[in-house]
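*Asks:* Have a look at this one before I ask anything.
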Amino acid sequence: MKPHTVKTLLEVRDLEVSFQGIKTVTALSGVSFSIEESETLALVGETGCGKSVVAHAIMRLLPPESRVKGTVEFGGKSLLELSEKEMAKIREEEIAIIFQNPSLALNPVYSIGHQLAEPLRVHRKEKKKEAFLKAAKALKNMGFSNVSECIRYYPSWCSGGMNQRFLIAASIILNPALLIADEPSKGLDRKCVTELETELTKLKREKKTALLLISHDLGFVRRLADRIAVMYAGEIVEISDPSSLFESPMHPYTRGLLNSLPEKGFVPIPGFSPPLSSPPSGCKFHPRCPFREKRCKESHPGLKEIGRRAVRCFLCP
Ligand SMILES: Nc1ncnc2c1ncn2[C@@H]1O[C@H](COP(=O)(O)OP(=O)(O)O)[C@@H](O)[C@H]1O
Ligand code: SF4
Ligand SMILES: [Mg+2]
């Protein structure tokens, strides 16, 4: 049997993003990770830790006051060095991104069918009838049974959950190699989250789309991710497969995050995330860490690889 070869699709190396203002905010520092073809990598962490900035940096959608360093390689191309025109093509055809509020991303004046068919007409030069047939098929794949009706719906007629699934169908209609989903389950009720989970699982299985799944909801990502990267104050502090992460978390922050889950008794991590304009010295987690030592305040721990896992803590392993 031929050995299974793993191909890296996205490689982010030493990504640093800062925002220039009255004070410089270093939102990301030394962020490195990769995503293999068909793999789902989840980014988790408290609000403000830099998850969306990672997504926007990859897509080059950061505002003008941002400064970006490091490299982002996608399918052999260095995204940070592409011209705006080349990057626009990548955004249209190779990497899709969906945001938290689908109603804002869908155009209120066009029907769902139109919004699904349009990319096929523009980028694949498909005839109207064929494009609409493919749009209908895409809706069927997204779990809609009344496709001939759905295609005529307008976003304002639909629930947030339906619009989120329409948006995913529209984002993947050109078969991107990578889909970035930034908090896709936020604001949806339990039933819609379950439906979304089913559709994302199907997408992974059938289309082999790689996913960068951003969420603060650990339960949601546990069921979908192949690997989970935990972020704290603009850094990745642990990367692991879901079962190892949940059964034997290594970083004290990951342990705290898991203890704050309802099933573990809602024990919050004491203290607050530090301001990114003036982060603490040494390990950024040291002011909140129950295991801190003298060296934790003085030096900054690097991300150490331990087999298929990685952790940023002096005490691990
Ligand atoms: N345009 C901006 N100017 C200044 N700071 C910003 C800007 N965008 C994001 N930030 C800061 O970057 C940090 C990370 O933000 P974000 O990636 O949105 O967090 P998350 O998605 O994890 O909740 C936050 O502290 C936020 O205040
Ligand atoms: S390096 Fe020190 S302060 Fe940071 S997480 Fe590890 S033990 Fe805690
Ligand atoms: Mg965010």
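Note on naming: chains are A, B, ... as they come in the structure tokens, residues start from 1 per chain, ligands start from 1 in the order shown.
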Give me, as a PDB file with C-alpha atoms, in the first residue's frame, all polymer residues having an atom no more than 10 Å from segment 73-80 of chain A, counting only C-alpha atoms and skipping those fewer than 4 positions away in the same chain.
*Replies:*
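Full text of around-v5.pdb as output:
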ATOM      1  CA  LYS A   7       0.814  17.874   2.401  1.00  0.00           C
ATOM      2  CA  THR A   8       0.998  21.175   4.190  1.00  0.00           C
ATOM      3  CA  LEU A   9      -1.556  23.619   2.838  1.00  0.00           C
ATOM      4  CA  LEU A  10      -0.979  26.622   5.081  1.00  0.00           C
ATOM      5  CA  GLU A  11       2.142  27.444   7.023  1.00  0.00           C
ATOM      6  CA  VAL A  12       2.189  30.457   9.336  1.00  0.00           C
ATOM      7  CA  ARG A  13       5.633  31.317  10.761  1.00  0.00           C
ATOM      8  CA  SER A  34       0.422  24.788   9.933  1.00  0.00           C
ATOM      9  CA  ILE A  35      -2.670  23.207   8.435  1.00  0.00           C
ATOM     10  CA  GLU A  37      -4.723  19.467   3.313  1.00  0.00           C
ATOM     11  CA  ALA A  57      -3.762  38.580   8.808  1.00  0.00           C
ATOM     12  CA  ILE A  58      -3.929  35.406   6.670  1.00  0.00           C
ATOM     13  CA  MET A  59      -6.582  37.012   4.445  1.00  0.00           C
ATOM     14  CA  ARG A  60      -4.791  40.383   4.465  1.00  0.00           C
ATOM     15  CA  VAL A  68       2.533  42.592  10.016  1.00  0.00           C
ATOM     16  CA  LYS A  69       5.753  40.566  10.233  1.00  0.00           C
ATOM     17  CA  GLU A  84      -3.452  43.135  -4.026  1.00  0.00           C
ATOM     18  CA  GLU A  86      -3.234  38.306  -6.736  1.00  0.00           C
ATOM     19  CA  MET A  87      -4.502  38.296  -3.144  1.00  0.00           C
ATOM     20  CA  ILE A  90      -6.870  33.891  -3.617  1.00  0.00           C
ATOM     21  CA  GLU A  94      -8.837  29.475  -2.842  1.00  0.00           C
ATOM     22  CA  ILE A  95      -9.445  30.631   0.720  1.00  0.00           C
ATOM     23  CA  ALA A 177      -8.907  24.504  -0.417  1.00  0.00           C
ATOM     24  CA  LEU A 178      -9.273  26.292   2.926  1.00  0.00           C
TER      25      LEU A 178
END
*Asks:* Could you list, as a count of residues only, all protein and nucleic acid residues with an atom at most 10 Å from ligand 3, counting only C-alpha atoms and all ligand atoms?
*Replies:* 20
*Asks:* Which polymer residues have any atom within 9 Å of an atom of segment 262-274 of chain A, counting only C-alpha atoms, with same-chain residues fewer than 3 positions away left out, as a list of chain:residue names?
*Replies:*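 Counting only C-alpha atoms, the residues come to A:Glu46, A:Gly48, A:Cys49, A:Tyr232, A:Ala233, A:Tyr253, A:Gly256, A:Leu257, A:Leu258, A:Asn259, A:Ser277, A:Ser278, A:Pro279, A:Pro280, A:Lys284, A:Phe285, A:Pro287, A:Arg288, A:Cys289.
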*Asks:* Smallest atom-to-atom distance to ligand 2: which of A:Ala310, A:His286, A:Pro249, A:Ser281, using only C-alpha atoms and all ligand atoms?
*Replies:*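 Of all the options, A:His286 lies closest to ligand 2.
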*Asks:* Counting only C-alpha atoms, what is within 12 Å of Asp226 of chain A, bar same-chain residues fewer than 3 positions away, as a PDB file with N, CA and C atoms, in the first residue's frame?
*Replies:*
ATOM      1  N   ILE A  35      -1.456  23.998   8.667  1.00  0.00           N
ATOM      2  CA  ILE A  35      -2.670  23.207   8.435  1.00  0.00           C
ATOM      3  C   ILE A  35      -2.400  22.324   7.229  1.00  0.00           C
ATOM      4  N   GLU A  36      -2.662  21.036   7.411  1.00  0.00           N
ATOM      5  CA  GLU A  36      -2.467  20.108   6.297  1.00  0.00           C
ATOM      6  C   GLU A  36      -3.709  20.114   5.411  1.00  0.00           C
ATOM      7  N   GLU A  37      -3.559  19.584   4.193  1.00  0.00           N
ATOM      8  CA  GLU A  37      -4.723  19.467   3.313  1.00  0.00           C
ATOM      9  C   GLU A  37      -5.791  18.648   4.029  1.00  0.00           C
ATOM     10  N   SER A  38      -7.019  19.057   3.945  1.00  0.00           N
ATOM     11  CA  SER A  38      -8.195  18.373   4.544  1.00  0.00           C
ATOM     12  C   SER A  38      -8.212  18.383   6.068  1.00  0.00           C
ATOM     13  N   GLU A  39      -7.270  19.077   6.695  1.00  0.00           N
ATOM     14  CA  GLU A  39      -7.224  19.057   8.158  1.00  0.00           C
ATOM     15  C   GLU A  39      -8.083  20.183   8.752  1.00  0.00           C
ATOM     16  N   THR A  40      -8.609  19.941   9.949  1.00  0.00           N
ATOM     17  CA  THR A  40      -9.289  21.010  10.679  1.00  0.00           C
ATOM     18  C   THR A  40      -8.451  21.394  11.884  1.00  0.00           C
ATOM     19  N   LEU A  41      -7.991  22.647  11.880  1.00  0.00           N
ATOM     20  CA  LEU A  41      -7.264  23.164  13.042  1.00  0.00           C
ATOM     21  C   LEU A  41      -8.168  24.181  13.719  1.00  0.00           C
ATOM     22  N   ALA A  42      -8.358  24.012  15.021  1.00  0.00           N
ATOM     23  CA  ALA A  42      -9.173  24.982  15.760  1.00  0.00           C
ATOM     24  C   ALA A  42      -8.269  25.930  16.519  1.00  0.00           C
ATOM     25  N   LEU A  43      -8.676  27.202  16.562  1.00  0.00           N
ATOM     26  CA  LEU A  43      -7.997  28.211  17.397  1.00  0.00           C
ATOM     27  C   LEU A  43      -8.960  28.570  18.503  1.00  0.00           C
ATOM     28  N   THR A 201     -19.010  18.858   9.359  1.00  0.00           N
ATOM     29  CA  THR A 201     -18.461  17.493   9.337  1.00  0.00           C
ATOM     30  C   THR A 201     -18.574  16.915   7.922  1.00  0.00           C
ATOM     31  N   LYS A 204     -16.045  18.488   5.547  1.00  0.00           N
ATOM     32  CA  LYS A 204     -14.711  17.908   5.732  1.00  0.00           C
ATOM     33  C   LYS A 204     -14.626  16.551   5.047  1.00  0.00           C
ATOM     34  N   ALA A 210     -10.017  21.939   3.906  1.00  0.00           N
ATOM     35  CA  ALA A 210      -9.315  22.184   5.177  1.00  0.00           C
ATOM     36  C   ALA A 210     -10.036  23.324   5.889  1.00  0.00           C
ATOM     37  N   LEU A 211     -10.019  23.277   7.212  1.00  0.00           N
ATOM     38  CA  LEU A 211     -10.759  24.285   7.993  1.00  0.00           C
ATOM     39  C   LEU A 211      -9.877  24.912   9.054  1.00  0.00           C
ATOM     40  N   LEU A 212      -9.937  26.231   9.143  1.00  0.00           N
ATOM     41  CA  LEU A 212      -9.376  26.913  10.317  1.00  0.00           C
ATOM     42  C   LEU A 212     -10.594  27.379  11.097  1.00  0.00           C
ATOM     43  N   LEU A 213     -10.850  26.688  12.182  1.00  0.00           N
ATOM     44  CA  LEU A 213     -12.079  26.898  12.930  1.00  0.00           C
ATOM     45  C   LEU A 213     -11.786  27.715  14.182  1.00  0.00           C
ATOM     46  N   VAL A 221     -15.557  22.803  19.172  1.00  0.00           N
ATOM     47  CA  VAL A 221     -14.343  22.459  18.412  1.00  0.00           C
ATOM     48  C   VAL A 221     -13.862  21.038  18.722  1.00  0.00           C
ATOM     49  N   ARG A 222     -14.143  20.564  19.929  1.00  0.00           N
ATOM     50  CA  ARG A 222     -13.685  19.219  20.294  1.00  0.00           C
ATOM     51  C   ARG A 222     -14.216  18.175  19.310  1.00  0.00           C
ATOM     52  N   ARG A 223     -15.481  18.365  18.903  1.00  0.00           N
ATOM     53  CA  ARG A 223     -16.110  17.386  18.019  1.00  0.00           C
ATOM     54  C   ARG A 223     -15.670  17.540  16.572  1.00  0.00           C
ATOM     55  N   ALA A 229      -5.326  24.526  18.701  1.00  0.00           N
ATOM     56  CA  ALA A 229      -4.275  25.438  19.165  1.00  0.00           C
ATOM     57  C   ALA A 229      -4.913  26.394  20.173  1.00  0.00           C
ATOM     58  N   ILE A 239      -0.554  23.254  21.458  1.00  0.00           N
ATOM     59  CA  ILE A 239      -1.207  22.660  20.282  1.00  0.00           C
ATOM     60  C   ILE A 239      -1.291  21.158  20.539  1.00  0.00           C
ATOM     61  N   SER A 240      -2.468  20.599  20.325  1.00  0.00           N
ATOM     62  CA  SER A 240      -2.621  19.180  20.627  1.00  0.00           C
ATOM     63  C   SER A 240      -3.817  18.597  19.886  1.00  0.00           C
ATOM     64  N   ASP A 241      -3.869  17.260  19.796  1.00  0.00           N
ATOM     65  CA  ASP A 241      -5.087  16.645  19.278  1.00  0.00           C
ATOM     66  C   ASP A 241      -6.164  16.773  20.366  1.00  0.00           C
ATOM     67  N   PRO A 242      -7.457  16.790  19.979  1.00  0.00           N
ATOM     68  CA  PRO A 242      -8.493  17.061  20.983  1.00  0.00           C
ATOM     69  C   PRO A 242      -8.493  16.093  22.161  1.00  0.00           C
ATOM     70  N   SER A 243      -8.334  14.775  21.921  1.00  0.00           N
ATOM     71  CA  SER A 243      -8.471  13.887  23.084  1.00  0.00           C
ATOM     72  C   SER A 243      -7.329  14.077  24.076  1.00  0.00           C
ATOM     73  N   SER A 244      -6.090  14.260  23.584  1.00  0.00           N
ATOM     74  CA  SER A 244      -4.984  14.502  24.535  1.00  0.00           C
ATOM     75  C   SER A 244      -5.203  15.815  25.271  1.00  0.00           C
ATOM     76  N   LEU A 245      -5.694  16.829  24.525  1.00  0.00           N
ATOM     77  CA  LEU A 245      -5.871  18.139  25.157  1.00  0.00           C
ATOM     78  C   LEU A 245      -6.901  18.077  26.292  1.00  0.00           C
ATOM     79  N   ARG A 308       3.749  14.991  18.753  1.00  0.00           N
ATOM     80  CA  ARG A 308       2.812  15.716  17.892  1.00  0.00           C
ATOM     81  C   ARG A 308       2.190  16.920  18.604  1.00  0.00           C
TER      82      ARG A 308
END
*Asks:* Please build the interface table for chain A against ligand 2 with a cut-off of 12 Å, listing for each qualifying residue the nearest atom pair and the distance in Å to one decimal; count only C-alpha atoms and all ligand atoms, order rows by chain and increasing number, and write it as a Markdown table.
*Replies:*
| residue | atom | partner | partner_atom_place_in_ligand_line | distance |
| --- | --- | --- | --- | --- |
| A:Tyr232 | CA | ligand 2 | 5 (S) | 10.4 |
| A:Ile236 | CA | ligand 2 | 5 (S) | 11.8 |
| A:Val237 | CA | ligand 2 | 5 (S) | 8.4 |
| A:Glu238 | CA | ligand 2 | 5 (S) | 10.4 |
| A:Pro249 | CA | ligand 2 | 5 (S) | 11.9 |
| A:Met250 | CA | ligand 2 | 5 (S) | 9.3 |
| A:His251 | CA | ligand 2 | 5 (S) | 6.0 |
| A:Pro252 | CA | ligand 2 | 5 (S) | 5.2 |
| A:Tyr253 | CA | ligand 2 | 5 (S) | 6.6 |
| A:Thr254 | CA | ligand 2 | 5 (S) | 9.3 |
| A:Arg255 | CA | ligand 2 | 5 (S) | 10.1 |
| A:Gly256 | CA | ligand 2 | 5 (S) | 10.6 |
| A:Pro280 | CA | ligand 2 | 3 (S) | 10.7 |
| A:Ser281 | CA | ligand 2 | 3 (S) | 10.3 |
| A:Gly282 | CA | ligand 2 | 4 (Fe) | 7.8 |
| A:Cys283 | CA | ligand 2 | 4 (Fe) | 4.6 |
| A:Lys284 | CA | ligand 2 | 4 (Fe) | 6.7 |
| A:Phe285 | CA | ligand 2 | 4 (Fe) | 5.2 |
| A:His286 | CA | ligand 2 | 3 (S) | 3.6 |
| A:Pro287 | CA | ligand 2 | 3 (S) | 7.2 |
| A:Arg288 | CA | ligand 2 | 3 (S) | 7.6 |
| A:Cys289 | CA | ligand 2 | 8 (Fe) | 4.7 |
| A:Pro290 | CA | ligand 2 | 8 (Fe) | 6.7 |
| A:Phe291 | CA | ligand 2 | 7 (S) | 4.7 |
| A:Arg292 | CA | ligand 2 | 3 (S) | 4.0 |
| A:Glu293 | CA | ligand 2 | 2 (Fe) | 5.9 |
| A:Lys294 | CA | ligand 2 | 2 (Fe) | 8.2 |
| A:Arg295 | CA | ligand 2 | 2 (Fe) | 7.3 |
| A:Cys296 | CA | ligand 2 | 2 (Fe) | 4.3 |
| A:Lys297 | CA | ligand 2 | 3 (S) | 7.1 |
| A:Glu298 | CA | ligand 2 | 2 (Fe) | 9.8 |
| A:Ser299 | CA | ligand 2 | 1 (S) | 8.5 |
| A:His300 | CA | ligand 2 | 1 (S) | 7.5 |
| A:Pro301 | CA | ligand 2 | 1 (S) | 6.0 |
| A:Gly302 | CA | ligand 2 | 1 (S) | 9.1 |
| A:Leu303 | CA | ligand 2 | 1 (S) | 10.4 |
| A:Lys304 | CA | ligand 2 | 1 (S) | 11.5 |
| A:Val311 | CA | ligand 2 | 6 (Fe) | 9.2 |
| A:Arg312 | CA | ligand 2 | 1 (S) | 6.8 |
| A:Cys313 | CA | ligand 2 | 6 (Fe) | 3.7 |
| A:Phe314 | CA | ligand 2 | 1 (S) | 4.4 |
| A:Leu315 | CA | ligand 2 | 7 (S) | 5.5 |
| A:Cys316 | CA | ligand 2 | 6 (Fe) | 7.4 |
| A:Pro317 | CA | ligand 2 | 6 (Fe) | 10.2 |
*Asks:* If I take atom CA of Ala96 of chain A and atom CA of Leu179 of chain A, how far is one from the other in Å, to one decimal?
*Replies:*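 One can read the atom CA of Ala96 of chain A to atom CA of Leu179 of chain A distance as 4.8 Å.
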*Asks:* Run DSSP on the backbone of this structure and report the residues of segment 79-275 of chain A it assigns to strand (DSSP E), as a ChimeraX atom specification.
*Replies:* /A:95-98,178-182,210-214,227-232,235-240
*Asks:* Run DSSP on the backbone and grab whatever in segment 170-229 of chain A lands in helix (DSSP H, G or I); send it over as a ChimeraX atom specification.
*Replies:* /A:170-171,190-207,218-224
*Asks:* Go ahead and save the picked residues with N, CA and C atoms, as a short mmCIF file (atom, residue, chain, number, x, y, z; two decimals), in the first residue's frame.
*Replies:*
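Saved as part.cif:
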data_model
loop_
_atom_site.label_atom_id
_atom_site.label_comp_id
_atom_site.auth_asym_id
_atom_site.auth_seq_id
_atom_site.Cartn_x
_atom_site.Cartn_y
_atom_site.Cartn_z
N ALA A 170 -22.39 29.37 0.03
CA ALA A 170 -21.87 30.37 -0.91
C ALA A 170 -20.34 30.43 -0.86
N SER A 171 -19.77 30.28 0.34
CA SER A 171 -18.31 30.40 0.49
C SER A 171 -17.58 29.23 -0.17
N ARG A 190 -29.01 26.17 20.21
CA ARG A 190 -28.42 24.83 20.26
C ARG A 190 -28.73 23.99 19.00
N LYS A 191 -29.98 24.11 18.53
CA LYS A 191 -30.39 23.32 17.36
C LYS A 191 -29.57 23.74 16.13
N CYS A 192 -29.42 25.06 15.95
CA CYS A 192 -28.66 25.57 14.80
C CYS A 192 -27.18 25.17 14.90
N VAL A 193 -26.65 25.16 16.12
CA VAL A 193 -25.24 24.77 16.30
C VAL A 193 -25.07 23.30 15.90
N THR A 194 -26.03 22.46 16.29
CA THR A 194 -25.96 21.03 15.94
C THR A 194 -26.00 20.88 14.42
N GLU A 195 -26.90 21.65 13.76
CA GLU A 195 -27.00 21.57 12.30
C GLU A 195 -25.70 22.03 11.65
N LEU A 196 -25.15 23.11 12.17
CA LEU A 196 -23.90 23.66 11.63
C LEU A 196 -22.77 22.63 11.76
N GLU A 197 -22.75 21.97 12.90
CA GLU A 197 -21.73 20.95 13.15
C GLU A 197 -21.85 19.80 12.14
N THR A 198 -23.09 19.39 11.89
CA THR A 198 -23.32 18.31 10.92
C THR A 198 -22.82 18.73 9.54
N GLU A 199 -23.14 19.98 9.16
CA GLU A 199 -22.74 20.43 7.82
C GLU A 199 -21.23 20.58 7.70
N LEU A 200 -20.58 21.06 8.75
CA LEU A 200 -19.12 21.20 8.68
C LEU A 200 -18.45 19.83 8.63
N THR A 201 -19.01 18.86 9.36
CA THR A 201 -18.46 17.49 9.34
C THR A 201 -18.57 16.92 7.92
N LYS A 202 -19.74 17.17 7.30
CA LYS A 202 -19.98 16.67 5.94
C LYS A 202 -19.01 17.32 4.95
N LEU A 203 -18.81 18.60 5.14
CA LEU A 203 -17.91 19.37 4.27
C LEU A 203 -16.49 18.79 4.33
N LYS A 204 -16.04 18.49 5.55
CA LYS A 204 -14.71 17.91 5.73
C LYS A 204 -14.63 16.55 5.05
N ARG A 205 -15.66 15.75 5.25
CA ARG A 205 -15.64 14.36 4.75
C ARG A 205 -15.76 14.32 3.23
N GLU A 206 -16.73 15.07 2.70
CA GLU A 206 -17.04 14.93 1.27
C GLU A 206 -16.20 15.82 0.37
N LYS A 207 -15.96 17.04 0.79
CA LYS A 207 -15.22 17.96 -0.08
C LYS A 207 -13.75 18.02 0.26
N LEU A 218 -15.28 25.43 23.41
CA LEU A 218 -14.41 24.24 23.39
C LEU A 218 -15.17 22.96 23.02
N GLY A 219 -16.43 22.87 23.46
CA GLY A 219 -17.23 21.68 23.16
C GLY A 219 -17.44 21.55 21.66
N PHE A 220 -17.71 22.67 21.01
CA PHE A 220 -17.96 22.71 19.57
C PHE A 220 -16.71 22.26 18.80
N VAL A 221 -15.56 22.80 19.17
CA VAL A 221 -14.34 22.46 18.41
C VAL A 221 -13.86 21.04 18.72
N ARG A 222 -14.14 20.56 19.93
CA ARG A 222 -13.69 19.22 20.29
C ARG A 222 -14.22 18.17 19.31
N ARG A 223 -15.48 18.37 18.90
CA ARG A 223 -16.11 17.39 18.02
C ARG A 223 -15.67 17.54 16.57
N LEU A 224 -15.11 18.69 16.20
CA LEU A 224 -14.81 18.92 14.78
C LEU A 224 -13.32 18.93 14.44
#
*Asks:* Name the closest residue to Arg309 of chain A among the candidates A:Thr26, A:Ser248, A:Ser260, A:Ser103; distances are taken between atoms, counting only C-alpha atoms.
*Replies:* A:Ser248
*Asks:* Near His123 of chain A, within 10 Å and counting only C-alpha atoms, which residues show up once chain neighbours fewer than 4 positions away are dropped, as a ChimeraX atom specification?
*Replies:* /A:89,92-93,118-119,174
*Asks:* With C-alpha atoms kept, could you save the residues just selected as a PDB file, in the first residue's frame?
*Replies:*
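Writing done, so here's result_17.pdb:
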ATOM      1  CA  LYS A  89      -7.958  36.088  -6.537  1.00  0.00           C
ATOM      2  CA  GLU A  92     -12.245  34.686  -4.300  1.00  0.00           C
ATOM      3  CA  GLU A  93     -11.213  31.179  -5.263  1.00  0.00           C
ATOM      4  CA  GLU A 118     -22.996  34.576  -9.049  1.00  0.00           C
ATOM      5  CA  PRO A 119     -19.447  33.331  -8.258  1.00  0.00           C
ATOM      6  CA  LEU A 174     -15.918  27.474  -5.856  1.00  0.00           C
TER       7      LEU A 174
END
*Asks:* For a quick check of understanding, using only C-alpha atoms and all ligand atoms, which of A:Val230, A:Val147, A:Ala131, A:Ala88 has the smallest distance to ligand 1?
*Replies:*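 Between A:Val230, A:Val147, A:Ala131, A:Ala88, the residue approaching ligand 1 most closely is A:Val230.
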*Asks:* With only C-alpha atoms and all ligand atoms as the atoms that count, which of A:Cys150, A:Ala225, A:Ala181, A:Val72 lies nearest to ligand 1?
*Replies:*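 Using only C-alpha atoms and all ligand atoms, the shortest distance to ligand 1 belongs to A:Ala181.
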